[in-house]
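Next comes final.pdb, with PDB, C-alpha atoms and all ligand atoms.
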ATOM      1  CA  MET A   1       0.000   0.000   0.000
ATOM      2  CA  ARG A   2       1.330   3.455  -0.966
ATOM      3  CA  GLN A   3      -0.979   5.806   0.874
ATOM      4  CA  ILE A   4      -0.955   9.535   0.227
ATOM      5  CA  VAL A   5      -3.273  11.506   2.475
ATOM      6  CA  ILE A   6      -4.636  14.195   0.202
ATOM      7  CA  GLY A   7      -6.152  17.497   1.283
ATOM      8  CA  ALA A   8      -8.354  19.132  -1.333
ATOM      9  CA  ALA A   9      -8.373  22.764  -0.229
ATOM     10  CA  GLN A  10     -11.424  24.374  -1.767
ATOM     11  CA  MET A  11     -11.321  28.129  -1.462
ATOM     12  CA  GLY A  12     -14.190  30.535  -1.123
ATOM     13  CA  PRO A  13     -14.362  33.704  -3.182
ATOM     14  CA  ILE A  14     -11.527  36.204  -3.516
ATOM     15  CA  GLN A  15     -12.693  39.736  -4.222
ATOM     16  CA  LYS A  16     -10.978  42.039  -6.697
ATOM     17  CA  ASP A  17      -9.383  44.137  -3.980
ATOM     18  CA  GLU A  18      -8.342  41.301  -1.684
ATOM     19  CA  PRO A  19      -4.547  41.536  -1.315
ATOM     20  CA  ARG A  20      -2.376  38.484  -1.962
ATOM     21  CA  LYS A  21      -1.206  38.657   1.644
ATOM     22  CA  ALA A  22      -4.745  37.982   2.882
ATOM     23  CA  VAL A  23      -5.199  35.140   0.398
ATOM     24  CA  VAL A  24      -1.898  33.556   1.421
ATOM     25  CA  ALA A  25      -3.012  33.767   5.071
ATOM     26  CA  ARG A  26      -6.160  31.811   4.130
ATOM     27  CA  MET A  27      -4.042  29.267   2.273
ATOM     28  CA  ILE A  28      -1.778  28.864   5.301
ATOM     29  CA  ALA A  29      -4.829  28.337   7.553
ATOM     30  CA  LEU A  30      -5.966  25.526   5.224
ATOM     31  CA  LEU A  31      -2.426  24.140   5.217
ATOM     32  CA  GLU A  32      -2.381  24.078   9.019
ATOM     33  CA  GLN A  33      -5.668  22.163   9.030
ATOM     34  CA  ALA A  34      -4.236  19.775   6.456
ATOM     35  CA  ALA A  35      -1.107  19.182   8.538
ATOM     36  CA  ALA A  36      -3.187  18.601  11.674
ATOM     37  CA  ARG A  37      -5.249  16.014   9.778
ATOM     38  CA  GLY A  38      -2.163  14.175   8.548
ATOM     39  CA  CYS A  39      -2.142  15.301   4.926
ATOM     40  CA  ASP A  40       0.902  14.563   2.775
ATOM     41  CA  VAL A  41      -0.176  16.957   0.051
ATOM     42  CA  ILE A  42      -2.616  19.847  -0.225
ATOM     43  CA  VAL A  43      -4.234  20.856  -3.525
ATOM     44  CA  TYR A  44      -5.526  24.398  -4.034
ATOM     45  CA  PRO A  45      -7.573  25.850  -6.937
ATOM     46  CA  GLU A  46      -6.689  27.429 -10.269
ATOM     47  CA  LEU A  47      -5.482  31.083 -10.126
ATOM     48  CA  CYS A  48      -5.881  30.872  -6.377
ATOM     49  CA  LEU A  49      -3.921  33.993  -5.397
ATOM     50  CA  THR A  50      -6.434  36.440  -6.874
ATOM     51  CA  THR A  51      -9.990  36.838  -7.998
ATOM     52  CA  PHE A  52     -10.771  35.159 -11.325
ATOM     53  CA  PHE A  53      -9.597  38.250 -13.210
ATOM     54  CA  PRO A  54     -10.316  36.927 -16.773
ATOM     55  CA  ARG A  55     -13.927  37.997 -16.209
ATOM     56  CA  HIS A  56     -12.706  41.603 -16.481
ATOM     57  CA  PHE A  57     -11.884  43.240 -19.822
ATOM     58  CA  MET A  58      -8.599  45.138 -19.569
ATOM     59  CA  GLU A  59      -6.448  46.878 -22.173
ATOM     60  CA  ASP A  60      -3.797  48.515 -20.042
ATOM     61  CA  ALA A  61      -0.698  46.303 -19.741
ATOM     62  CA  ALA A  62       0.125  47.533 -16.233
ATOM     63  CA  GLU A  63      -3.410  46.786 -15.085
ATOM     64  CA  ILE A  64      -3.134  43.290 -16.542
ATOM     65  CA  ASP A  65       0.304  42.651 -15.071
ATOM     66  CA  ARG A  66      -0.852  43.198 -11.503
ATOM     67  CA  TRP A  67      -2.631  39.838 -11.600
ATOM     68  CA  PHE A  68       0.528  37.965 -12.578
ATOM     69  CA  GLU A  69       3.451  36.490 -10.598
ATOM     70  CA  ARG A  70       6.935  37.201 -11.925
ATOM     71  CA  GLU A  71       8.570  34.693  -9.592
ATOM     72  CA  MET A  72       7.467  31.677  -7.614
ATOM     73  CA  PRO A  73       7.901  31.799  -4.733
ATOM     74  CA  GLY A  74       7.835  35.586  -4.661
ATOM     75  CA  PRO A  75       7.765  37.936  -1.691
ATOM     76  CA  GLU A  76       4.038  37.418  -1.063
ATOM     77  CA  THR A  77       4.018  33.644  -1.549
ATOM     78  CA  ALA A  78       7.252  32.875   0.318
ATOM     79  CA  PRO A  79       5.409  32.524   3.683
ATOM     80  CA  LEU A  80       3.235  29.790   2.145
ATOM     81  CA  PHE A  81       6.291  27.854   1.006
ATOM     82  CA  GLU A  82       7.898  28.301   4.429
ATOM     83  CA  ALA A  83       4.754  27.041   6.164
ATOM     84  CA  ALA A  84       4.533  24.020   3.844
ATOM     85  CA  ARG A  85       8.205  23.183   4.347
ATOM     86  CA  ALA A  86       7.928  23.555   8.142
ATOM     87  CA  ARG A  87       4.953  21.179   8.251
ATOM     88  CA  GLY A  88       6.308  18.770   5.653
ATOM     89  CA  VAL A  89       3.266  19.054   3.390
ATOM     90  CA  ALA A  90       3.652  19.020  -0.388
ATOM     91  CA  MET A  91       1.353  21.356  -2.282
ATOM     92  CA  SER A  92      -0.083  22.146  -5.676
ATOM     93  CA  PHE A  93      -1.688  25.440  -6.650
ATOM     94  CA  GLY A  94      -2.450  27.607  -9.639
ATOM     95  CA  TYR A  95      -1.404  31.165 -10.445
ATOM     96  CA  ALA A  96      -0.984  33.547 -13.359
ATOM     97  CA  GLU A  97       2.628  33.348 -14.550
ATOM     98  CA  LEU A  98       4.518  36.168 -16.263
ATOM     99  CA  THR A  99       7.828  34.859 -17.589
ATOM    100  CA  PRO A 100      11.039  36.929 -17.869
ATOM    101  CA  GLU A 101      10.394  36.980 -21.658
ATOM    102  CA  GLY A 102       6.987  38.575 -21.074
ATOM    103  CA  ARG A 103       4.900  35.483 -21.816
ATOM    104  CA  ARG A 104       1.743  34.863 -19.839
ATOM    105  CA  PHE A 105       0.438  31.472 -18.787
ATOM    106  CA  ASN A 106      -2.255  30.028 -16.552
ATOM    107  CA  THR A 107       0.065  27.837 -14.520
ATOM    108  CA  ALA A 108       0.072  25.250 -11.728
ATOM    109  CA  ILE A 109       2.984  23.882  -9.749
ATOM    110  CA  VAL A 110       3.540  20.940  -7.469
ATOM    111  CA  THR A 111       6.143  20.827  -4.700
ATOM    112  CA  ASP A 112       7.706  18.069  -2.667
ATOM    113  CA  LYS A 113       7.451  17.999   1.123
ATOM    114  CA  ALA A 114      10.485  20.276   1.421
ATOM    115  CA  GLY A 115       8.716  23.026  -0.520
ATOM    116  CA  ARG A 116      10.814  22.521  -3.670
ATOM    117  CA  ILE A 117       8.943  22.925  -6.944
ATOM    118  CA  VAL A 118       9.182  19.555  -8.683
ATOM    119  CA  GLY A 119       6.671  20.108 -11.469
ATOM    120  CA  LYS A 120       5.097  22.883 -13.479
ATOM    121  CA  TYR A 121       2.116  22.724 -15.840
ATOM    122  CA  ARG A 122       0.734  25.462 -18.105
ATOM    123  CA  LYS A 123      -2.938  25.277 -19.064
ATOM    124  CA  VAL A 124      -3.421  24.010 -22.596
ATOM    125  CA  HIS A 125      -7.187  24.314 -23.168
ATOM    126  CA  LEU A 126      -7.934  28.004 -22.673
ATOM    127  CA  PRO A 127     -11.680  28.626 -22.787
ATOM    128  CA  GLY A 128     -13.493  31.806 -23.667
ATOM    129  CA  HIS A 129     -12.499  34.575 -26.056
ATOM    130  CA  ALA A 130      -9.883  37.263 -26.679
ATOM    131  CA  GLU A 131     -11.981  40.360 -27.328
ATOM    132  CA  TYR A 132     -14.886  41.960 -25.471
ATOM    133  CA  ASP A 133     -18.056  40.036 -26.348
ATOM    134  CA  PRO A 134     -21.260  42.036 -25.828
ATOM    135  CA  GLU A 135     -23.364  38.940 -26.584
ATOM    136  CA  ARG A 136     -22.281  37.233 -23.352
ATOM    137  CA  SER A 137     -23.867  37.908 -19.985
ATOM    138  CA  PHE A 138     -20.301  38.131 -18.592
ATOM    139  CA  GLN A 139     -16.810  37.920 -20.019
ATOM    140  CA  HIS A 140     -14.375  34.984 -19.961
ATOM    141  CA  LEU A 141     -11.153  36.379 -21.418
ATOM    142  CA  GLU A 142      -8.619  33.636 -20.849
ATOM    143  CA  LYS A 143      -7.721  33.666 -24.561
ATOM    144  CA  ARG A 144      -6.845  37.364 -24.143
ATOM    145  CA  TYR A 145      -4.599  37.081 -21.124
ATOM    146  CA  PHE A 146      -2.844  33.728 -21.598
ATOM    147  CA  GLU A 147      -1.008  31.744 -24.250
ATOM    148  CA  PRO A 148      -1.809  28.043 -24.529
ATOM    149  CA  GLY A 149       0.572  26.042 -22.374
ATOM    150  CA  ASP A 150       3.809  24.892 -23.973
ATOM    151  CA  LEU A 151       4.815  22.098 -21.615
ATOM    152  CA  GLY A 152       2.413  19.325 -22.642
ATOM    153  CA  PHE A 153       1.022  17.138 -19.867
ATOM    154  CA  PRO A 154       4.069  15.999 -17.895
ATOM    155  CA  VAL A 155       4.021  13.455 -15.087
ATOM    156  CA  TRP A 156       6.501  13.487 -12.209
ATOM    157  CA  ARG A 157       7.626  11.051  -9.538
ATOM    158  CA  ASN A 158       6.757  12.696  -6.213
ATOM    159  CA  LEU A 159       5.816  11.222  -2.805
ATOM    160  CA  ASP A 160       6.519   7.758  -4.260
ATOM    161  CA  ALA A 161       3.797   8.148  -6.898
ATOM    162  CA  TRP A 162       3.362   9.324 -10.496
ATOM    163  CA  MET A 163       1.657  12.721 -10.393
ATOM    164  CA  GLY A 164       0.315  15.055 -13.033
ATOM    165  CA  MET A 165      -1.730  18.220 -13.211
ATOM    166  CA  CYS A 166      -4.189  19.954 -15.464
ATOM    167  CA  ILE A 167      -6.266  23.096 -14.978
ATOM    168  CA  CYS A 168     -10.007  23.711 -15.041
ATOM    169  CA  ASN A 169     -11.269  23.509 -18.638
ATOM    170  CA  ASP A 170      -8.618  20.837 -19.336
ATOM    171  CA  ARG A 171     -10.651  18.475 -17.153
ATOM    172  CA  ARG A 172     -13.361  18.273 -19.807
ATOM    173  CA  TRP A 173     -10.996  16.849 -22.457
ATOM    174  CA  PRO A 174     -10.318  13.087 -22.403
ATOM    175  CA  GLU A 175      -7.018  13.530 -24.266
ATOM    176  CA  VAL A 176      -5.592  15.260 -21.207
ATOM    177  CA  TYR A 177      -6.096  12.283 -18.927
ATOM    178  CA  ARG A 178      -4.988   9.804 -21.573
ATOM    179  CA  VAL A 179      -1.688  11.571 -22.305
ATOM    180  CA  MET A 180      -0.936  11.406 -18.589
ATOM    181  CA  GLY A 181      -2.361   7.889 -18.391
ATOM    182  CA  LEU A 182       0.153   6.829 -21.031
ATOM    183  CA  GLN A 183       2.875   7.976 -18.630
ATOM    184  CA  GLY A 184       1.411   5.835 -15.863
ATOM    185  CA  VAL A 185      -0.117   8.685 -13.898
ATOM    186  CA  GLU A 186      -1.596   7.694 -10.531
ATOM    187  CA  LEU A 187      -2.712  11.067  -9.189
ATOM    188  CA  ILE A 188      -4.067  13.957 -11.249
ATOM    189  CA  MET A 189      -4.477  17.250  -9.395
ATOM    190  CA  LEU A 190      -6.486  20.098 -10.834
ATOM    191  CA  GLY A 191      -8.018  23.342  -9.745
ATOM    192  CA  TYR A 192     -10.886  25.240 -11.320
ATOM    193  CA  ASN A 193     -12.869  28.493 -11.446
ATOM    194  CA  THR A 194     -16.157  27.569 -13.094
ATOM    195  CA  PRO A 195     -18.960  30.107 -13.367
ATOM    196  CA  SER A 196     -22.255  28.703 -12.061
ATOM    197  CA  VAL A 197     -24.112  29.775 -15.175
ATOM    198  CA  ASN A 198     -23.280  29.573 -18.857
ATOM    199  CA  SER A 199     -22.675  33.106 -20.186
ATOM    200  CA  GLN A 200     -24.079  32.022 -23.563
ATOM    201  CA  ASP A 201     -27.029  29.978 -22.319
ATOM    202  CA  GLY A 202     -28.692  31.173 -19.130
ATOM    203  CA  ARG A 203     -30.836  28.021 -19.034
ATOM    204  CA  GLU A 204     -27.809  25.883 -18.116
ATOM    205  CA  GLY A 205     -27.908  26.068 -14.346
ATOM    206  CA  LEU A 206     -25.722  25.069 -11.455
ATOM    207  CA  GLU A 207     -26.925  21.475 -11.168
ATOM    208  CA  ARG A 208     -25.960  20.626 -14.731
ATOM    209  CA  ARG A 209     -22.633  22.470 -14.464
ATOM    210  CA  LEU A 210     -21.753  20.439 -11.369
ATOM    211  CA  TYR A 211     -22.780  17.242 -13.129
ATOM    212  CA  HIS A 212     -20.606  17.936 -16.190
ATOM    213  CA  SER A 213     -17.638  18.730 -13.982
ATOM    214  CA  GLU A 214     -17.924  15.548 -11.952
ATOM    215  CA  LEU A 215     -18.780  13.424 -15.000
ATOM    216  CA  SER A 216     -15.608  14.535 -16.779
ATOM    217  CA  MET A 217     -13.330  13.962 -13.819
ATOM    218  CA  ALA A 218     -14.863  10.608 -12.882
ATOM    219  CA  ALA A 219     -14.509   9.385 -16.464
ATOM    220  CA  GLY A 220     -10.887  10.524 -16.562
ATOM    221  CA  ALA A 221     -10.171   8.730 -13.304
ATOM    222  CA  TYR A 222     -11.864   5.473 -14.287
ATOM    223  CA  GLN A 223     -10.591   5.294 -17.862
ATOM    224  CA  ASN A 224      -7.010   5.797 -16.742
ATOM    225  CA  ALA A 225      -7.196   4.056 -13.362
ATOM    226  CA  ALA A 226      -5.920   7.127 -11.526
ATOM    227  CA  TRP A 227      -6.954   9.240  -8.569
ATOM    228  CA  VAL A 228      -8.346  12.641  -9.567
ATOM    229  CA  VAL A 229      -8.559  15.570  -7.188
ATOM    230  CA  GLY A 230     -10.625  18.516  -8.440
ATOM    231  CA  VAL A 231     -10.590  21.675  -6.354
ATOM    232  CA  ALA A 232     -12.826  24.705  -6.849
ATOM    233  CA  LYS A 233     -12.583  28.355  -6.089
ATOM    234  CA  ALA A 234     -16.223  28.969  -5.300
ATOM    235  CA  GLY A 235     -18.831  31.472  -4.234
ATOM    236  CA  ASP A 236     -19.630  35.024  -5.188
ATOM    237  CA  GLU A 237     -16.623  36.908  -6.594
ATOM    238  CA  ASP A 238     -17.217  40.526  -7.558
ATOM    239  CA  GLY A 239     -20.903  39.735  -8.132
ATOM    240  CA  HIS A 240     -20.172  36.628 -10.225
ATOM    241  CA  HIS A 241     -20.903  33.197  -8.830
ATOM    242  CA  LEU A 242     -18.442  30.314  -9.144
ATOM    243  CA  MET A 243     -19.633  26.781  -8.490
ATOM    244  CA  ALA A 244     -18.107  24.589  -5.790
ATOM    245  CA  GLY A 245     -18.235  20.783  -6.127
ATOM    246  CA  SER A 246     -14.642  19.936  -5.161
ATOM    247  CA  VAL A 247     -14.092  16.190  -5.165
ATOM    248  CA  ILE A 248     -11.618  13.414  -4.597
ATOM    249  CA  ILE A 249     -12.274  10.526  -7.015
ATOM    250  CA  ASP A 250     -10.787   7.052  -6.800
ATOM    251  CA  PRO A 251      -9.352   5.026  -9.713
ATOM    252  CA  ASP A 252     -12.736   3.286 -10.132
ATOM    253  CA  GLY A 253     -14.326   6.658 -10.859
ATOM    254  CA  ILE A 254     -16.086   6.775  -7.484
ATOM    255  CA  VAL A 255     -16.301  10.066  -5.581
ATOM    256  CA  VAL A 256     -14.868   9.421  -2.107
ATOM    257  CA  ALA A 257     -15.057  12.998  -0.805
ATOM    258  CA  ARG A 258     -17.161  15.940  -1.922
ATOM    259  CA  ALA A 259     -17.292  19.554  -0.697
ATOM    260  CA  GLU A 260     -20.415  20.592   1.206
ATOM    261  CA  THR A 261     -19.917  24.349   1.182
ATOM    262  CA  GLU A 262     -18.924  27.145  -1.142
ATOM    263  CA  GLY A 263     -16.246  28.449   1.184
ATOM    264  CA  ASP A 264     -12.747  27.574   2.351
ATOM    265  CA  GLU A 265     -13.152  23.868   3.078
ATOM    266  CA  LEU A 266     -10.684  21.020   3.366
ATOM    267  CA  LEU A 267     -11.570  17.522   2.105
ATOM    268  CA  VAL A 268      -9.240  14.826   3.386
ATOM    269  CA  HIS A 269      -8.895  11.280   2.105
ATOM    270  CA  GLY A 270      -6.205   8.599   2.426
ATOM    271  CA  CYS A 271      -5.535   7.579  -1.183
ATOM    272  CA  ASP A 272      -3.749   4.294  -1.890
ATOM    273  CA  MET A 273      -1.741   4.706  -5.079
ATOM    274  CA  ASP A 274      -1.625   0.915  -5.407
ATOM    275  CA  ALA A 275      -5.393   1.013  -5.931
ATOM    276  CA  CYS A 276      -4.519   2.091  -9.491
ATOM    277  CA  ASN A 277      -2.770  -1.189 -10.224
ATOM    278  CA  PHE A 278      -5.843  -3.330 -10.858
ATOM    279  CA  GLY A 279      -7.382  -1.115 -13.545
ATOM    280  CA  LYS A 280      -3.994  -0.434 -15.111
ATOM    281  CA  SER A 281      -3.245  -4.152 -15.436
ATOM    282  CA  THR A 282      -6.696  -5.361 -16.577
ATOM    283  CA  ILE A 283      -9.363  -3.455 -18.505
ATOM    284  CA  PHE A 284      -7.131  -0.400 -19.007
ATOM    285  CA  ASP A 285      -3.878  -2.235 -19.647
ATOM    286  CA  PHE A 286      -3.040   0.138 -22.474
ATOM    287  CA  ALA A 287      -0.201  -1.929 -23.916
ATOM    288  CA  ARG A 288      -2.487  -4.923 -24.462
ATOM    289  CA  HIS A 289      -5.700  -3.256 -25.518
ATOM    290  CA  ARG A 290      -5.144   0.091 -27.247
ATOM    291  CA  ARG A 291      -5.408   0.124 -31.069
ATOM    292  CA  VAL A 292      -3.447   3.194 -32.115
ATOM    293  CA  GLU A 293      -3.820   2.364 -35.825
ATOM    294  CA  HIS A 294      -7.380   3.705 -35.508
ATOM    295  CA  TYR A 295      -6.676   6.822 -33.442
ATOM    296  CA  GLY A 296      -4.997   8.989 -36.124
ATOM    297  CA  PRO A 297      -7.725  11.694 -36.313
ATOM    298  CA  ILE A 298      -7.241  12.470 -32.642
ATOM    299  CA  THR A 299      -3.917  14.152 -33.346
ATOM    300  CA  ALA A 300      -4.352  14.852 -37.074
ATOM    301  CA  GLN A 301      -7.405  17.124 -36.883
ATOM    302  CA  THR A 302      -9.124  19.501 -34.460
ATOM    303  CA  GLY A 303     -12.628  20.197 -35.807
ATOM    304  CA  VAL A 304     -15.222  17.789 -37.159
ATOM    305  CA  ILE A 305     -14.851  16.557 -40.755
ATOM    306  CA  HIS A 306     -17.952  14.689 -41.917
ATOM    307  CA  PRO A 307     -17.202  11.641 -44.073
ATOM    308  CA  ASP A 308     -19.108  13.171 -47.033
ATOM    309  CA  SER A 309     -17.257  16.537 -46.922
ATOM    310  CA  GLY A 310     -14.716  15.549 -49.575
ATOM    311  CA  ALA A 311     -11.840  16.729 -47.352
TER     312      ALA A 311
HETATM  313  N1  LIG A 401     -11.402  28.552 -15.688
HETATM  314  C1  LIG A 401     -11.995  27.782 -16.622
HETATM  315  O1  LIG A 401     -11.326  27.155 -17.417
HETATM  316  N2  LIG A 401     -13.338  27.781 -16.635
HETATM  317  C2  LIG A 401     -14.090  27.093 -17.633
HETATM  318  C3  LIG A 401     -15.318  27.838 -17.937
HETATM  319  C4  LIG A 401     -15.685  27.664 -19.319
HETATM  320  S1  LIG A 401     -16.925  28.772 -19.840
HETATM  321  C5  LIG A 401     -16.101  29.865 -20.841
HETATM  322  C6  LIG A 401     -14.438  25.666 -17.275
HETATM  323  O2  LIG A 401     -14.307  24.802 -18.145
HETATM  324  O3  LIG A 401     -14.873  25.392 -16.163
END
Can I see the file as structure tokens?
Amino acid sequence: MRQIVIGAAQMGPIQKDEPRKAVVARMIALLEQAAARGCDVIVYPELCLTTFFPRHFMEDAAEIDRWFEREMPGPETAPLFEAARARGVAMSFGYAELTPEGRRFNTAIVTDKAGRIVGKYRKVHLPGHAEYDPERSFQHLEKRYFEPGDLGFPVWRNLDAWMGMCICNDRRWPEVYRVMGLQGVELIMLGYNTPSVNSQDGREGLERRLYHSELSMAAGAYQNAAWVVGVAKAGDEDGHHLMAGSVIIDPDGIVVARAETEGDELLVHGCDMDACNFGKSTIFDFARHRRVEHYGPITAQTGVIHPDSGA
């Protein structure tokens, strides 16, 4: 048995004017709870140091830059790393990354128990749009503020397990899980900021949004025989509601822990990485059962091409 006690640290809303220092204090409070409950690793949401700023249309570069981190850890996040190191808890969290070359990514990192960054992931599937869209009931400007990630979907050996990450919208794409599954991933950690309503279809309410989120993550877990930890930033941010629904899902696709609130809330579950072995060696033994000769379109095309299109 290779048990990792996982803390899924859902976070409540972060308002536009909430300083990073206050957010980091909340993260440290969750970390202290996690340490007291025996967690080996704590997983925080996507872009968890600030409000979900892509809902705001901005043109001024300086205004945009204030949401980004130029270094990690930086002066405001260093206390979090110190707290994690002191308590021997590994962590994963998301933030907006501004590189020395001026590139912007929606990024997540994972550390070891000594607070060293052992893995970095940059979000590949950026939802939304790049220009102001008056047709939407609210904006979702990730395509404006970020480039698609350039690191693929790496998997790292950490805490005696194979770990990977993805971010929010990535969780809806089966390719994401499979690319990590092909590297033997045992634990996939992801954070999200998901609006409770669809800005292009007001009829799609919270219940269906929660269902789609859980459906996607459970399928990814089951079909790749891996643990999946999905962690929300939730609640009312600047008058915009984000859904909660944080979960820990086992390699059978079963939800073993689910958030009950829309606030800062820690889910804890002891996750046996060896529980992945059965699925990986039977129904999802990729080496025996995959038929790659039929999967060409998955990497050769993006959009739909109907068989009668002549293309
Ligand atoms: N943050 C993020 O990726 N949110 C998306 C919302 C998509 S609606 C434009 C999500 O998939 O949850």
Taking every listed atom of region 64-68 of chain A and adding 8 Å to each side, what centre and edge lengths in Å (one decimal) does the axis-aligned box have, as AutoDock Vina command-line options?
--center_x -1.3 --center_y 40.6 --center_z -14.0 --size_x 19.7 --size_y 21.3 --size_z 21.0
Selection within 8 Å of ligand LIG 401 (chain A) by all atoms listed in the file, output as a list in words =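 Result of the 8 Å neighbour search around ligand LIG 401 (chain A): Glu46, Phe52, His125, Leu126, Pro127, Gly128, His129, His140, Glu142, Ile167, Cys168, Asn169, Asp170, Arg171, Arg172, Tyr192, Asn193, Thr194, Pro195, Asn198, Ser199 and Ser213 of chain A.
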Do you know which residues lie at most 10 Å from (-11.5, 11.4, -12.9), with coordinates as in the file and only C-alpha atoms counted, and could you write them as a ChimeraX atom specification?
-> /A:171-172,174,177,187-189,213-230,247-255
Which residues fall under the PyMOL selection byres (((chain A and resi 104) around 7) and not hetatm) in this file, as a ChimeraX atom specification?
-> /A:97-99,102-103,105,145-147
With distances taken over only C-alpha atoms, which of A:Thr111, A:Gln15, A:Gln139, A:Asn106 is nearest to Asp238 (chain A)?
->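 Selected residue with least distance to Asp238 (chain A): A:Gln15.
Restricting the calculation to only C-alpha atoms, the smallest distance between Arg258 (chain A) and any of A:Ala8, A:Leu80, A:Ala35, A:Ala108 is found for A:Ala8.
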For Gly115 (chain A), which residue among A:Asp236, A:Asp201, A:Asp40, A:Asp65 is the nearest when counting only C-alpha atoms?
->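 Checking each candidate against Gly115 (chain A), we get A:Asp40 as the closest.
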Would you kindly translate the PyMOL selection byres (((chain A and resi 242) around 6) and not hetatm) into the concrete residues it picks from this file, as a PyMOL selection string?
-> chain A and resi 194-196+234-235+241+243
Using only C-alpha atoms, which residue out of A:Ile6, A:Gln183, A:Ala84, A:Cys166 lies closest to Val256 (chain A)?
->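 Using only C-alpha atoms, Val256 (chain A) sits closest to A:Ile6.
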Can you list, as a list in words, every protein, DNA or RNA residue that comes within 7 Å of Thr107 (chain A) when you count only C-alpha atoms, leaving out same-chain residues fewer than 5 positions away?
->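 Residues near the query, excluding close chain neighbours: Gly94, Tyr95, Ala96, Glu97, Tyr121, Arg122 and Lys123 of chain A.
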Explicit residues for the PyMOL selection byres (((chain A and resi 259) around 7) and not hetatm) (as a list in words) = Gly245, Ser246, Val247, Ala257, Arg258, Glu260, Thr261 and Leu267 of chain A
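Between CA of Val268 (chain A) and CA of Ala29 (chain A) lies a distance of 14.8 Å.
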In Å to one decimal, how far is CA of Lys16 (chain A) from CA of Phe57 (chain A)?
-> 13.2 Å
Which residue of A:Gly270, A:Gly279, A:Pro297, A:Gly191 approaches Gln10 (chain A) most closely, using all atoms listed in the file = A:Gly191
Which one of A:Glu186, A:Glu131, A:Glu262, A:Asp60 sits closest to Ala275 (chain A) if you count only C-alpha atoms?
->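 Going through A:Glu186, A:Glu131, A:Glu262, A:Asp60 one by one, the smallest distance to Ala275 (chain A) is for A:Glu186.
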